[in-house]
Structure formats: C-alpha cells, structure tokens
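Visitor: Sharing query02.cif below, mmCIF, C-alpha atoms and all ligand atoms:
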```cif
data_coords
loop_
_atom_site.group_PDB
_atom_site.id
_atom_site.type_symbol
_atom_site.label_atom_id
_atom_site.label_comp_id
_atom_site.auth_asym_id
_atom_site.auth_seq_id
_atom_site.Cartn_x
_atom_site.Cartn_y
_atom_site.Cartn_z
ATOM 1 C CA MET W 291 122.957 98.244 94.678
ATOM 2 C CA GLU W 292 121.454 94.936 95.863
ATOM 3 C CA ARG W 293 118.550 95.140 98.303
ATOM 4 C CA LEU W 294 117.205 92.529 100.717
ATOM 5 C CA LYS W 295 113.586 91.484 100.107
ATOM 6 C CA ILE W 296 111.564 90.768 103.220
ATOM 7 C CA ALA W 297 108.086 89.195 103.058
ATOM 8 C CA ILE W 298 105.639 90.213 105.753
ATOM 9 C CA GLN W 299 101.953 89.579 106.253
ATOM 10 C CA LYS W 300 99.687 91.809 104.148
ATOM 11 C CA SER W 301 96.867 91.864 106.665
ATOM 12 C CA GLY W 302 96.191 90.033 109.901
ATOM 13 C CA ARG W 303 97.693 89.397 113.273
ATOM 14 C CA LEU W 304 101.365 89.740 112.369
ATOM 15 C CA LEU W 305 101.224 92.935 110.303
ATOM 16 C CA GLU W 306 101.211 95.586 112.994
ATOM 17 C CA ASP W 307 103.993 94.030 115.085
ATOM 18 C CA SER W 308 106.106 93.312 111.990
ATOM 19 C CA LEU W 309 105.874 96.945 110.848
ATOM 20 C CA GLY W 310 106.386 98.090 114.450
ATOM 21 C CA LEU W 311 109.609 96.073 114.661
ATOM 22 C CA LEU W 312 110.951 97.564 111.412
ATOM 23 C CA HIS W 313 110.000 101.012 112.677
ATOM 24 C CA ASP W 314 111.811 100.413 115.989
ATOM 25 C CA CYS W 315 114.832 99.355 113.925
ATOM 26 C CA SER W 316 114.656 102.905 112.449
ATOM 27 C CA ILE W 317 113.687 101.513 109.028
ATOM 28 C CA LYS W 318 111.086 103.701 107.341
ATOM 29 C CA VAL W 319 108.498 101.859 105.191
ATOM 30 C CA ASP W 320 104.938 102.621 104.121
ATOM 31 C CA ASN W 321 102.349 100.195 105.434
ATOM 32 C CA GLY W 322 100.969 97.658 102.991
ATOM 33 C CA ARG W 323 97.344 98.688 102.955
ATOM 34 C CA ASP W 324 97.283 99.789 99.305
ATOM 35 C CA GLN W 325 100.351 98.150 97.888
ATOM 36 C CA LEU W 326 102.125 94.851 97.449
ATOM 37 C CA ARG W 327 105.624 96.223 97.675
ATOM 38 C CA ALA W 328 107.345 99.124 99.418
ATOM 39 C CA GLN W 329 110.928 100.349 99.452
ATOM 40 C CA ALA W 330 112.492 101.315 102.743
ATOM 41 C CA LYS W 331 113.767 104.863 102.462
ATOM 42 C CA ASN W 332 116.852 104.625 104.656
ATOM 43 C CA PHE W 333 117.918 100.951 104.530
ATOM 44 C CA PRO W 334 118.527 98.568 101.570
ATOM 45 C CA LEU W 335 115.285 96.671 102.199
ATOM 46 C CA ASP W 336 112.212 96.039 100.024
ATOM 47 C CA VAL W 337 109.068 94.890 101.809
ATOM 48 C CA LEU W 338 106.723 92.465 100.032
ATOM 49 C CA TYR W 339 103.242 92.291 101.534
ATOM 50 C CA LEU W 340 101.972 88.717 101.125
ATOM 51 C CA ARG W 341 99.450 86.287 102.520
ATOM 52 C CA ASN W 342 100.812 84.784 105.711
ATOM 53 C CA SER W 343 100.395 81.194 104.546
ATOM 54 C CA ASP W 344 102.285 81.926 101.286
ATOM 55 C CA ILE W 345 105.350 83.444 102.945
ATOM 56 C CA PRO W 346 107.364 80.239 103.676
ATOM 57 C CA GLN W 347 107.003 79.054 100.068
ATOM 58 C CA TYR W 348 107.955 82.454 98.606
ATOM 59 C CA VAL W 349 111.064 82.567 100.780
ATOM 60 C CA GLN W 350 111.953 78.981 99.860
ATOM 61 C CA ASP W 351 111.510 79.805 96.154
ATOM 62 C CA GLY W 352 113.692 82.924 96.467
ATOM 63 C CA VAL W 353 110.886 85.389 95.575
ATOM 64 C CA ALA W 354 111.696 86.935 98.955
ATOM 65 C CA ASP W 355 115.030 86.517 100.758
ATOM 66 C CA VAL W 356 113.678 86.612 104.281
ATOM 67 C CA GLY W 357 110.264 86.664 105.932
ATOM 68 C CA ILE W 358 108.414 87.175 109.178
ATOM 69 C CA VAL W 359 106.004 84.280 109.838
ATOM 70 C CA GLY W 360 104.421 82.305 112.630
ATOM 71 C CA GLU W 361 106.793 79.423 113.411
ATOM 72 C CA ASN W 362 103.834 77.020 113.230
ATOM 73 C CA LEU W 363 103.681 77.612 109.475
ATOM 74 C CA LEU W 364 107.192 76.276 108.999
ATOM 75 C CA VAL W 365 106.098 72.966 110.484
ATOM 76 C CA GLU W 366 102.827 72.954 108.547
ATOM 77 C CA THR W 367 104.373 73.746 105.153
ATOM 78 C CA GLY W 368 107.539 71.699 105.723
ATOM 79 C CA CYS W 369 109.566 74.471 104.044
ATOM 80 C CA GLN W 370 113.306 74.226 104.655
ATOM 81 C CA LEU W 371 114.215 77.703 105.837
ATOM 82 C CA ASP W 372 116.819 79.008 108.254
ATOM 83 C CA LYS W 373 115.264 80.294 111.456
ATOM 84 C CA ILE W 374 117.256 83.412 112.271
ATOM 85 C CA LEU W 375 115.500 84.996 115.247
ATOM 86 C CA SER W 376 112.460 84.541 117.504
ATOM 87 C CA LEU W 377 110.639 87.855 117.594
ATOM 88 C CA GLY W 378 108.578 87.579 120.789
ATOM 89 C CA PHE W 379 105.151 88.410 119.341
ATOM 90 C CA ALA W 380 102.185 86.326 118.037
ATOM 91 C CA LYS W 381 102.855 83.794 120.779
ATOM 92 C CA CYS W 382 100.355 80.969 120.575
ATOM 93 C CA ARG W 383 100.050 77.193 120.737
ATOM 94 C CA LEU W 384 98.448 74.652 118.438
ATOM 95 C CA SER W 385 96.207 72.622 120.702
ATOM 96 C CA VAL W 386 93.679 69.826 120.640
ATOM 97 C CA ALA W 387 90.392 70.774 122.299
ATOM 98 C CA VAL W 388 87.210 68.796 122.953
ATOM 99 C CA PRO W 389 83.667 69.855 123.942
ATOM 100 C CA LYS W 390 83.269 70.678 127.631
ATOM 101 C CA GLY W 391 82.082 67.634 129.587
ATOM 102 C CA GLN W 392 83.464 65.124 127.058
ATOM 103 C CA SER W 393 85.774 62.714 128.850
ATOM 104 C CA PHE W 394 89.411 62.868 127.714
ATOM 105 C CA THR W 395 92.192 60.877 129.317
ATOM 106 C CA GLY W 396 94.789 61.359 126.587
ATOM 107 C CA ILE W 397 95.331 61.715 122.855
ATOM 108 C CA GLY W 398 94.619 57.962 122.479
ATOM 109 C CA ASP W 399 90.943 58.759 123.155
ATOM 110 C CA LEU W 400 90.757 60.307 119.677
ATOM 111 C CA LEU W 401 91.315 56.917 117.999
ATOM 112 C CA GLY W 402 88.811 56.659 115.128
ATOM 113 C CA LYS W 403 87.391 60.129 115.897
ATOM 114 C CA LYS W 404 87.012 63.138 113.605
ATOM 115 C CA ILE W 405 89.265 66.146 114.285
ATOM 116 C CA ALA W 406 88.713 69.478 112.527
ATOM 117 C CA THR W 407 91.757 71.662 111.835
ATOM 118 C CA SER W 408 93.365 74.151 109.474
ATOM 119 C CA TYR W 409 96.758 72.561 110.178
ATOM 120 C CA PRO W 410 96.396 68.989 108.872
ATOM 121 C CA ASN W 411 100.099 68.260 108.331
ATOM 122 C CA THR W 412 101.140 69.261 111.836
ATOM 123 C CA LEU W 413 98.249 67.332 113.345
ATOM 124 C CA ARG W 414 98.988 64.272 111.169
ATOM 125 C CA GLN W 415 102.616 64.246 112.381
ATOM 126 C CA TYR W 416 101.465 64.537 115.993
ATOM 127 C CA LEU W 417 98.931 61.712 115.673
ATOM 128 C CA LYS W 418 101.524 59.533 113.964
ATOM 129 C CA LYS W 419 104.076 60.193 116.706
ATOM 130 C CA ASN W 420 101.454 59.087 119.244
ATOM 131 C CA ALA W 421 100.327 56.110 117.113
ATOM 132 C CA VAL W 422 96.726 57.359 116.972
ATOM 133 C CA GLU W 423 94.657 56.884 113.817
ATOM 134 C CA ALA W 424 91.973 59.527 113.492
ATOM 135 C CA GLU W 425 90.093 61.220 110.663
ATOM 136 C CA ILE W 426 91.351 64.732 109.917
ATOM 137 C CA HIS W 427 88.740 67.124 108.611
ATOM 138 C CA VAL W 428 90.356 70.195 107.010
ATOM 139 C CA ILE W 429 88.566 73.529 107.357
ATOM 140 C CA SER W 430 90.124 76.897 106.625
ATOM 141 C CA GLY W 431 88.409 79.063 109.240
ATOM 142 C CA SER W 432 86.103 79.048 112.281
ATOM 143 C CA VAL W 433 87.340 75.598 113.244
ATOM 144 C CA GLU W 434 85.965 76.087 116.746
ATOM 145 C CA ILE W 435 82.342 75.686 115.643
ATOM 146 C CA ALA W 436 82.934 72.250 114.069
ATOM 147 C CA PRO W 437 81.977 70.118 117.131
ATOM 148 C CA ALA W 438 78.784 72.134 117.814
ATOM 149 C CA ILE W 439 77.500 71.581 114.267
ATOM 150 C CA GLY W 440 78.340 67.881 114.317
ATOM 151 C CA LEU W 441 81.269 68.119 111.904
ATOM 152 C CA ALA W 442 83.909 66.792 114.295
ATOM 153 C CA ASP W 443 84.477 65.285 117.753
ATOM 154 C CA ALA W 444 87.471 67.496 118.519
ATOM 155 C CA ILE W 445 89.434 70.366 117.026
ATOM 156 C CA CYS W 446 93.094 71.234 116.652
ATOM 157 C CA ASP W 447 93.564 74.986 116.428
ATOM 158 C CA LEU W 448 95.765 77.929 117.437
ATOM 159 C CA VAL W 449 95.090 79.262 120.914
ATOM 160 C CA SER W 450 96.524 82.237 122.757
ATOM 161 C CA SER W 451 94.212 83.512 125.507
ATOM 162 C CA GLY W 452 91.810 80.568 125.271
ATOM 163 C CA ASN W 453 88.838 82.944 124.961
ATOM 164 C CA THR W 454 87.581 81.575 121.651
ATOM 165 C CA LEU W 455 87.641 78.027 123.022
ATOM 166 C CA PHE W 456 85.801 79.138 126.158
ATOM 167 C CA GLN W 457 83.116 80.947 124.159
ATOM 168 C CA ASN W 458 82.556 77.826 122.089
ATOM 169 C CA ASN W 459 82.350 75.479 125.071
ATOM 170 C CA LEU W 460 85.605 73.755 124.244
ATOM 171 C CA VAL W 461 88.368 72.683 126.616
ATOM 172 C CA GLU W 462 92.053 72.634 125.654
ATOM 173 C CA LYS W 463 93.532 69.157 126.275
ATOM 174 C CA GLU W 464 96.850 68.683 124.450
ATOM 175 C CA VAL W 465 99.449 71.153 123.216
ATOM 176 C CA VAL W 466 100.729 69.980 119.825
ATOM 177 C CA LEU W 467 103.277 72.787 119.388
ATOM 178 C CA ARG W 468 104.168 76.268 120.611
ATOM 179 C CA SER W 469 104.744 79.103 118.188
ATOM 180 C CA GLU W 470 105.707 82.758 117.896
ATOM 181 C CA ALA W 471 106.665 85.072 115.060
ATOM 182 C CA VAL W 472 110.119 84.294 113.675
ATOM 183 C CA LEU W 473 112.477 85.825 111.140
ATOM 184 C CA VAL W 474 113.328 83.182 108.536
ATOM 185 C CA ALA W 475 115.741 83.256 105.629
ATOM 186 C CA SER W 476 116.306 81.334 102.467
ATOM 187 C CA PRO W 477 119.446 79.193 102.853
ATOM 188 C CA GLN W 478 120.794 80.424 99.479
ATOM 189 C CA ILE W 479 121.090 84.209 99.651
ATOM 190 C CA SER W 480 124.025 86.113 98.152
ATOM 191 C CA THR W 481 126.897 87.402 100.283
ATOM 192 C CA THR W 482 125.764 91.009 99.793
ATOM 193 C CA LYS W 483 122.266 90.148 100.955
ATOM 194 C CA LYS W 484 123.683 88.166 103.863
ATOM 195 C CA ASN W 485 125.540 91.314 104.946
ATOM 196 C CA ILE W 486 122.315 93.338 104.826
ATOM 197 C CA LEU W 487 120.561 90.573 106.783
ATOM 198 C CA ASP W 488 123.310 90.669 109.431
ATOM 199 C CA GLN W 489 122.744 94.422 109.857
ATOM 200 C CA LEU W 490 118.992 93.885 110.101
ATOM 201 C CA VAL W 491 119.413 91.120 112.691
ATOM 202 C CA PHE W 492 121.799 93.305 114.699
ATOM 203 C CA ARG W 493 119.161 96.039 114.835
ATOM 204 C CA MET W 494 116.336 93.614 115.646
ATOM 205 C CA GLU W 495 118.331 92.020 118.465
ATOM 206 C CA SER W 496 119.071 95.397 120.023
ATOM 207 C CA VAL W 497 115.369 96.323 119.853
ATOM 208 C CA LEU W 498 114.252 92.971 121.326
ATOM 209 C CA LYS W 499 116.774 93.187 124.155
ATOM 210 C CA ALA W 500 115.651 96.734 124.925
ATOM 211 C CA GLN W 501 111.990 95.612 125.127
ATOM 212 C CA ASN W 502 112.764 93.323 128.072
ATOM 213 C CA ASN W 503 114.931 95.793 129.945
ATOM 214 C CA LYS W 504 114.330 99.087 131.709
ATOM 215 C CA TYR W 505 116.601 101.928 132.742
ATOM 216 C CA ILE W 506 116.253 102.470 136.503
ATOM 217 C CA LEU W 507 117.135 105.635 138.392
ATOM 218 C CA LEU W 508 116.821 105.933 142.146
ATOM 219 C CA ASN W 509 118.029 108.038 145.021
ATOM 220 C CA ALA W 510 119.884 106.238 147.794
ATOM 221 C CA PRO W 511 121.199 107.394 151.176
ATOM 222 C CA ASN W 512 124.982 107.012 151.047
ATOM 223 C CA ASP W 513 125.094 104.821 154.149
ATOM 224 C CA GLN W 514 122.841 102.270 152.369
ATOM 225 C CA LEU W 515 124.521 102.559 148.951
ATOM 226 C CA GLU W 516 126.500 99.342 149.081
ATOM 227 C CA GLU W 517 123.510 97.253 150.117
ATOM 228 C CA ILE W 518 121.278 98.805 147.444
ATOM 229 C CA ILE W 519 123.879 98.193 144.743
ATOM 230 C CA ALA W 520 124.190 94.579 145.901
ATOM 231 C CA ILE W 521 120.465 94.046 145.180
ATOM 232 C CA LEU W 522 120.599 95.593 141.692
ATOM 233 C CA PRO W 523 121.480 93.093 138.952
ATOM 234 C CA GLY W 524 123.006 95.549 136.441
ATOM 235 C CA MET W 525 124.477 95.265 132.925
ATOM 236 C CA LYS W 526 127.956 95.812 134.281
ATOM 237 C CA SER W 527 128.122 98.078 137.285
ATOM 238 C CA PRO W 528 125.676 100.853 138.194
ATOM 239 C CA THR W 529 126.485 104.531 137.714
ATOM 240 C CA VAL W 530 126.576 106.409 141.033
ATOM 241 C CA LEU W 531 126.359 110.212 140.986
ATOM 242 C CA PRO W 532 126.272 112.549 143.995
ATOM 243 C CA LEU W 533 123.035 114.461 144.583
ATOM 244 C CA ALA W 534 123.125 118.205 145.380
ATOM 245 C CA MET W 535 121.837 117.265 148.856
ATOM 246 C CA SER W 536 124.737 115.877 150.861
ATOM 247 C CA GLY W 537 124.549 112.273 152.062
ATOM 248 C CA TRP W 538 122.559 111.090 149.009
ATOM 249 C CA SER W 539 123.451 109.604 145.644
ATOM 250 C CA SER W 540 121.616 108.875 142.409
ATOM 251 C CA VAL W 541 122.018 105.269 141.198
ATOM 252 C CA HIS W 542 121.413 104.398 137.508
ATOM 253 C CA THR W 543 121.308 100.906 136.075
ATOM 254 C CA VAL W 544 119.590 98.651 133.522
ATOM 255 C CA ILE W 545 117.619 95.601 134.634
ATOM 256 C CA GLN W 546 115.097 93.140 133.233
ATOM 257 C CA GLU W 547 111.567 94.344 133.817
ATOM 258 C CA ASP W 548 110.490 91.115 135.621
ATOM 259 C CA LYS W 549 113.509 91.321 137.936
ATOM 260 C CA PHE W 550 112.615 94.917 138.792
ATOM 261 C CA TRP W 551 109.248 93.857 140.240
ATOM 262 C CA GLU W 552 110.995 91.133 142.260
ATOM 263 C CA ILE W 553 113.368 93.571 143.973
ATOM 264 C CA ILE W 554 111.305 96.771 144.247
ATOM 265 C CA HIS W 555 110.177 96.137 147.840
ATOM 266 C CA GLU W 556 113.698 95.226 148.927
ATOM 267 C CA LEU W 557 115.024 98.450 147.391
ATOM 268 C CA LYS W 558 112.420 100.520 149.227
ATOM 269 C CA ALA W 559 113.120 98.704 152.492
ATOM 270 C CA LYS W 560 116.810 99.644 152.130
ATOM 271 C CA GLY W 561 115.851 103.319 151.813
ATOM 272 C CA ALA W 562 115.743 103.855 148.034
ATOM 273 C CA GLN W 563 113.506 106.779 147.040
ATOM 274 C CA GLY W 564 112.322 108.543 143.874
ATOM 275 C CA ILE W 565 112.560 105.365 141.806
ATOM 276 C CA LEU W 566 112.093 105.983 138.058
ATOM 277 C CA VAL W 567 111.674 103.218 135.459
ATOM 278 C CA VAL W 568 112.388 104.415 131.925
ATOM 279 C CA PRO W 569 111.905 102.495 128.644
ATOM 280 C CA ILE W 570 114.969 101.815 126.497
ATOM 281 C CA GLN W 571 114.777 102.088 122.694
ATOM 282 C CA LYS W 572 117.831 100.093 121.660
ATOM 283 C CA MET W 573 120.302 98.047 123.649
ATOM 284 C CA ILE W 574 123.730 96.979 122.417
ATOM 285 C CA ILE W 575 125.853 94.987 124.796
HETATM 286 P P1 LIG O 1 96.315 85.224 111.077
HETATM 287 O O1 LIG O 1 96.571 86.698 110.936
HETATM 288 O O2 LIG O 1 95.116 84.915 111.913
HETATM 289 O O3 LIG O 1 96.380 84.516 109.760
HETATM 290 O O4 LIG O 1 97.505 84.602 111.950
HETATM 291 C C1 LIG O 1 98.832 84.753 111.544
HETATM 292 C C2 LIG O 1 99.744 84.006 112.459
HETATM 293 O O5 LIG O 1 99.572 84.501 113.773
HETATM 294 C C3 LIG O 1 99.501 82.504 112.553
HETATM 295 O O6 LIG O 1 100.186 81.794 111.565
HETATM 296 C C4 LIG O 1 100.033 82.195 113.919
HETATM 297 O O7 LIG O 1 101.431 82.031 113.920
HETATM 298 C C5 LIG O 1 99.683 83.434 114.682
HETATM 299 N N1 LIG O 1 98.388 83.255 115.363
HETATM 300 C C6 LIG O 1 97.260 82.732 114.893
HETATM 301 N N2 LIG O 1 96.293 82.667 115.807
HETATM 302 C C7 LIG O 1 96.828 83.193 116.891
HETATM 303 C C8 LIG O 1 96.333 83.447 118.182
HETATM 304 N N3 LIG O 1 95.124 83.112 118.564
HETATM 305 N N4 LIG O 1 97.152 84.070 119.032
HETATM 306 C C9 LIG O 1 98.392 84.421 118.688
HETATM 307 N N5 LIG O 1 98.917 84.176 117.482
HETATM 308 C C10 LIG O 1 98.155 83.589 116.600
#
```
As structure tokens - that is how I would like this structure written.
Guide:
Amino acid sequence: MERLKIAIQKSGRLLEDSLGLLHDCSIKVDNGRDQLRAQAKNFPLDVLYLRNSDIPQYVQDGVADVGIVGENLLVETGCQLDKILSLGFAKCRLSVAVPKGQSFTGIGDLLGKKIATSYPNTLRQYLKKNAVEAEIHVISGSVEIAPAIGLADAICDLVSSGNTLFQNNLVEKEVVLRSEAVLVASPQISTTKKNILDQLVFRMESVLKAQNNKYILLNAPNDQLEEIIAILPGMKSPTVLPLAMSGWSSVHTVIQEDKFWEIIHELKAKGAQGILVVPIQKMII
C-alpha cells in the first residue's frame, strides 16, 4: 500500500513542534534522534528527518511528498510548492537591524552599505523592490555579531522575541517578511497520496482549531441564564443542564481562549460561578 512521505526537520527549532503536531494527530512515530527515517505505526505515513534548509528542494524533487518548513525558506529557495496549511508555530520575522544609535530613516539609508545575512535571495528581492543597491554579505550563522566585528553596517536576520538583537546592541528597523511553520506539498503527488494528505490535513486542522479554543463550564442562577448565554459566543448554542440545587443551571460551551478573557468579568458580574476552562484535544465543526 502506498504511503505518504513527510519531511521534517532532523534537529532544531521545528522538530519538537512538528513531532508534537503528529502526536496530537494520534500518529505514532519515533523521534529522529538516531535515524533518518521512521514509519508511523498507525497511519500510512513515513517520516524523513532532514536538514531544514534541504526540505523545500527534497519536496520539489519528489524525494518527500510533503514537508513541514519555515515559510521563509520557500521564499529564500524559490521552490514551487503548494502551501497547504499554516501551523501556528515557529512564528518569526526576517528583519533588517542596525547598531543602536546609528541613524536610520528608511531602507534607502542602506544604499552602498554592507548587510550581513543568511537569507541573501530574500534580502536581494526586498532591496530590489525598494530600488536600493547594497552589498550583501552571506554568513551562515551568528549574523548578529557582524556589525560589532566590522563585517557589515547592518544585518538581515530572523527575529522572534528580539532578545538576540538586544543582547548584540542592534535595533530592528524594517520587517522584510513574516514567517511561521507551514505544511507544504509537491504539486505532483499521486491520487492515493493526495487522499492520505487530505486525511492528514483534516486531523491537523482539528488539532489546530482545538488549540485556540477551550471548553467552558459554569454555574448560572436561572434568573440570569438568558443574559449569561447572550454573552457567550458559542460554537452553536450552549448546553444547559439543571443542577441538583434548584434555581441553578450548568452552562457548557466552546469559545476562543482570547474571547474568554474578554468576557470573564462580565460573566462574573452577571452571577456566573464555578467557572472551569478545559483544554480540547480535537475539534471538528
Ligand atoms: P533553525 O532550527 O534555527 O534552523 O530554524 C528553523 C526555522 O525556524 C527557520 O527556517 C525559521 O522558519 C524558524 N526560525 C528561525 N529563527 C527563528 C526565531 N528566532 N524564532 C522563531 N522561529 C525561527
């Protein structure tokens, strides 16, 4: 029977979340610490553990059918892959930063300057779009030290918290692109593999939806029930069950976690008590 081959990062930032996602999709695979390939035990999926920067090319060449990569690498490599799903982890931005105290009024200030980066193609496209000619200095790691050692006037690197920039006395000035982990697929996979991919995507979507939502249970006095229900933005309509104590009901619903924090005080003010917020594993609407 045909199996879908998925490429994921062998080691680094994306590995743990990629394996975590497969695990949450109830797909059992060994982690890639000692191996290059693993077979899922309960789903027609083979996992190839590869270097992150090689994944787009391997998927384009058909060595793997699908892959989990940082979206920024699609732009950098120029590989023509189908983006199937944004996965919500490894969120970062590719930004231009300059030494603290250096004046910067806009990207035009980098005309004729040296910029160090590990992402030369993306930076080149950005400079071209802004009609700025600058010298790109390619380095594969620790880009942030380049200005301090006199190698460059500015850098263009991936940033998430901004801590590394701060520690190296650099200030973020321009966002070149925003990125997160994405599921990508080769445009030419067989129909059987496409069916397996559809099942995988269905599972991933239900896991991702569940991550943003919480199951809420609360006790409400019956005379306030209507008003409390009016505040709760539910999936469809909340479940209302009578409590053993007369005059009270238990209200159950599903809401987005952010929304919950917005309405919690309103719920309490209307008399809601014993509010429980419970994680959801999978959500199918
Ligand atoms: P790495 O494991 O460092 O090779 O990074 C793998 C991928 O994670 C990169 O291609 C980016 O998409 C993403 N990434 C890199 N740096 C960061 C960062 N500082 N914060 C969040 N994601 C990042």
Visitor: Neighbours of ligand LIG 1 (chain O) at 8 Å or closer, counting only C-alpha atoms and all ligand atoms: which residues, as a PyMOL selection string?
Guide: chain W and resi 299+301-305+342-343+359-363+379-383+448-452+469-471
Visitor: Applying the PyMOL selection byres (((chain W and resi 513) around 10) and not hetatm) to the file I just gave you, which residues come out? Please list them as a list in words.
Guide: Ala510, Pro511, Asn512, Gln514, Leu515, Glu516, Glu517, Ile518, Gly537, Trp538, Ser539, Lys560 and Gly561 of chain W
Visitor: Run the PyMOL selection byres (((chain W and resi 484) around 12) and not hetatm) against the file shown and list the residues it catches, as a VMD selection string.
Guide: chain W and resid 292 to 295 334 355 to 356 374 475 to 483 485 to 491
Visitor: Given only C-alpha atoms as the basis, pick out the residue of W:Gln501, W:Ser536, W:Ser376, W:Gln370 nearest to Ile570 (chain W).
Guide: W:Gln501
Visitor: Counting only C-alpha atoms, which residue out of W:Val388, W:Ala562, W:Val472, W:Ile519 sits closest to Leu375 (chain W)?
Guide: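 Selected residue with least distance to Leu375 (chain W): W:Val472.
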Visitor: Exactly which residues make up the result of the PyMOL selection byres (((chain W and resi 531) around 9) and not hetatm) on this file, given as a count of residues only?
Guide: 9
Visitor: One decimal, in Å: what's the spacing between CA of Glu552 (chain W) and CA of Ser527 (chain W)?
Guide: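 Those two atoms sit 19.1 Å apart.
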Visitor: Tell me, in Å to one decimal, how far CA of Met291 (chain W) is from CA of Asp307 (chain W).
Guide: 28.2 Å
Visitor: So the first atom is CA of Ile554 (chain W) and the second is CA of Lys499 (chain W); what is the distance between them in Å, to one decimal place?
Guide: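 Atom-to-atom, CA of Ile554 (chain W) and CA of Lys499 (chain W) are spaced 21.1 Å apart.
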Visitor: Can you list, as a list in words, every protein, DNA or RNA residue that comes within 8 Å of Cys315 (chain W) when you count only C-alpha atoms, leaving out same-chain residues fewer than 4 positions away?
Guide: Leu311, Leu490, Arg493, Met494 and Val497 of chain W
Visitor: Find, counting only C-alpha atoms, the residue in W:Glu462, W:Asp336, W:Glu366, W:Asp314 that gets nearest to Lys390 (chain W).
Guide: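 Of W:Glu462, W:Asp336, W:Glu366, W:Asp314, the one nearest Lys390 (chain W), counting only C-alpha atoms, is W:Glu462.
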Visitor: With all atoms of region 489-500 of chain W from the file as input, state the centre and edge lengths in Å to one decimal of the axis-aligned box that has 6 Å extra on each side, as lines of an AutoDock Vina configuration file.
Guide:
```
center_x = 118.5
center_y = 93.9
center_z = 117.4
size_x = 20.5
size_y = 17.6
size_z = 27.1
```
Visitor: Which neighbours of Pro389 (chain W) fall inside 10 Å, counting all atoms listed in the file, when residues of the same chain fewer than 5 positions from it are skipped, and could you give them as a list in words?
Guide: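 Here the qualifying residues turn out to be Phe394, Glu434, Pro437, Ala438, Asp443, Ala444, Ile445, Leu455, Phe456, Asn458, Asn459, Leu460, Val461 and Glu462 of chain W.
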Visitor: Using only C-alpha atoms, can you tell me which of W:Gln457, W:Lys300, W:Ala436, W:Ala421 comes closest to Arg327 (chain W)?
Guide: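 Using only C-alpha atoms, Arg327 (chain W) sits closest to W:Lys300.
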Visitor: Need the shell around Lys504 (chain W): protein/DNA/RNA residues with any atom at most 12 Å away, counting only C-alpha atoms. Skip same-chain ones fewer than 6 positions apart. Format as a PyMOL selection string?
Guide: chain W and resi 523-525+542-551+566-573
Visitor: Measuring atom to atom with all atoms listed in the file, identify which of W:Val433, W:Leu384, W:Leu338, W:Ile521 is nearest to His555 (chain W).
Guide: W:Ile521
Visitor: Check the smallest atom-to-atom distance from each of W:Leu371, W:Leu498, W:Leu473, W:Leu335 to Asp351 (chain W) using all atoms listed in the file, then report the winner.
Guide: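 Closest candidate: W:Leu371.
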Visitor: Save region 367-417 of chain W of the structure in the block above to a file, with C-alpha atoms included, as a compact mmCIF listing (two decimals), in the first residue's frame.
Guide:
```txt
# COMPACT_ATOMS: atom_id res chain seq x y z
CA THR W 367 14.83 28.83 -2.06
CA GLY W 368 12.23 29.89 -4.64
CA CYS W 369 10.86 26.32 -4.65
CA GLN W 370 7.43 25.99 -6.25
CA LEU W 371 5.45 24.08 -3.65
CA ASP W 372 1.80 24.12 -2.65
CA LYS W 373 1.28 25.70 0.75
CA ILE W 374 -1.37 23.55 2.38
CA LEU W 375 -1.66 24.82 5.95
CA SER W 376 -0.15 27.38 8.34
CA LEU W 377 0.76 25.53 11.51
CA GLY W 378 0.95 28.34 14.08
CA PHE W 379 4.43 27.63 15.47
CA ALA W 380 7.96 28.96 14.73
CA LYS W 381 6.47 32.41 14.21
CA CYS W 382 9.19 34.89 13.35
CA ARG W 383 10.04 37.75 11.01
CA LEU W 384 13.00 38.42 8.76
CA SER W 385 14.12 41.90 9.70
CA VAL W 386 16.79 44.46 8.96
CA ALA W 387 18.57 45.69 12.09
CA VAL W 388 21.29 48.29 12.61
CA PRO W 389 23.60 49.06 15.56
CA LYS W 390 21.93 51.01 18.37
CA GLY W 391 22.50 54.76 17.94
CA GLN W 392 23.05 54.53 14.17
CA SER W 393 20.62 56.86 12.43
CA PHE W 394 18.09 55.11 10.17
CA THR W 395 15.28 56.91 8.39
CA GLY W 396 14.37 54.13 5.97
CA ILE W 397 15.73 51.28 3.88
CA GLY W 398 17.19 53.86 1.44
CA ASP W 399 19.81 54.64 4.11
CA LEU W 400 21.44 51.29 3.31
CA LEU W 401 22.42 52.44 -0.20
CA GLY W 402 26.03 51.34 -0.78
CA LYS W 403 26.22 49.73 2.69
CA LYS W 404 27.16 46.17 3.64
CA ILE W 405 24.37 43.94 5.00
CA ALA W 406 25.13 40.55 6.56
CA THR W 407 22.51 37.80 6.22
CA SER W 408 21.90 34.08 5.84
CA TYR W 409 18.96 34.85 3.54
CA PRO W 410 20.55 36.61 0.55
CA ASN W 411 17.82 35.86 -2.01
CA THR W 412 15.00 37.22 0.13
CA LEU W 413 17.04 40.29 1.03
CA ARG W 414 18.05 40.84 -2.62
CA GLN W 415 14.37 40.78 -3.68
CA TYR W 416 13.48 43.24 -0.93
CA LEU W 417 16.29 45.65 -1.83
```
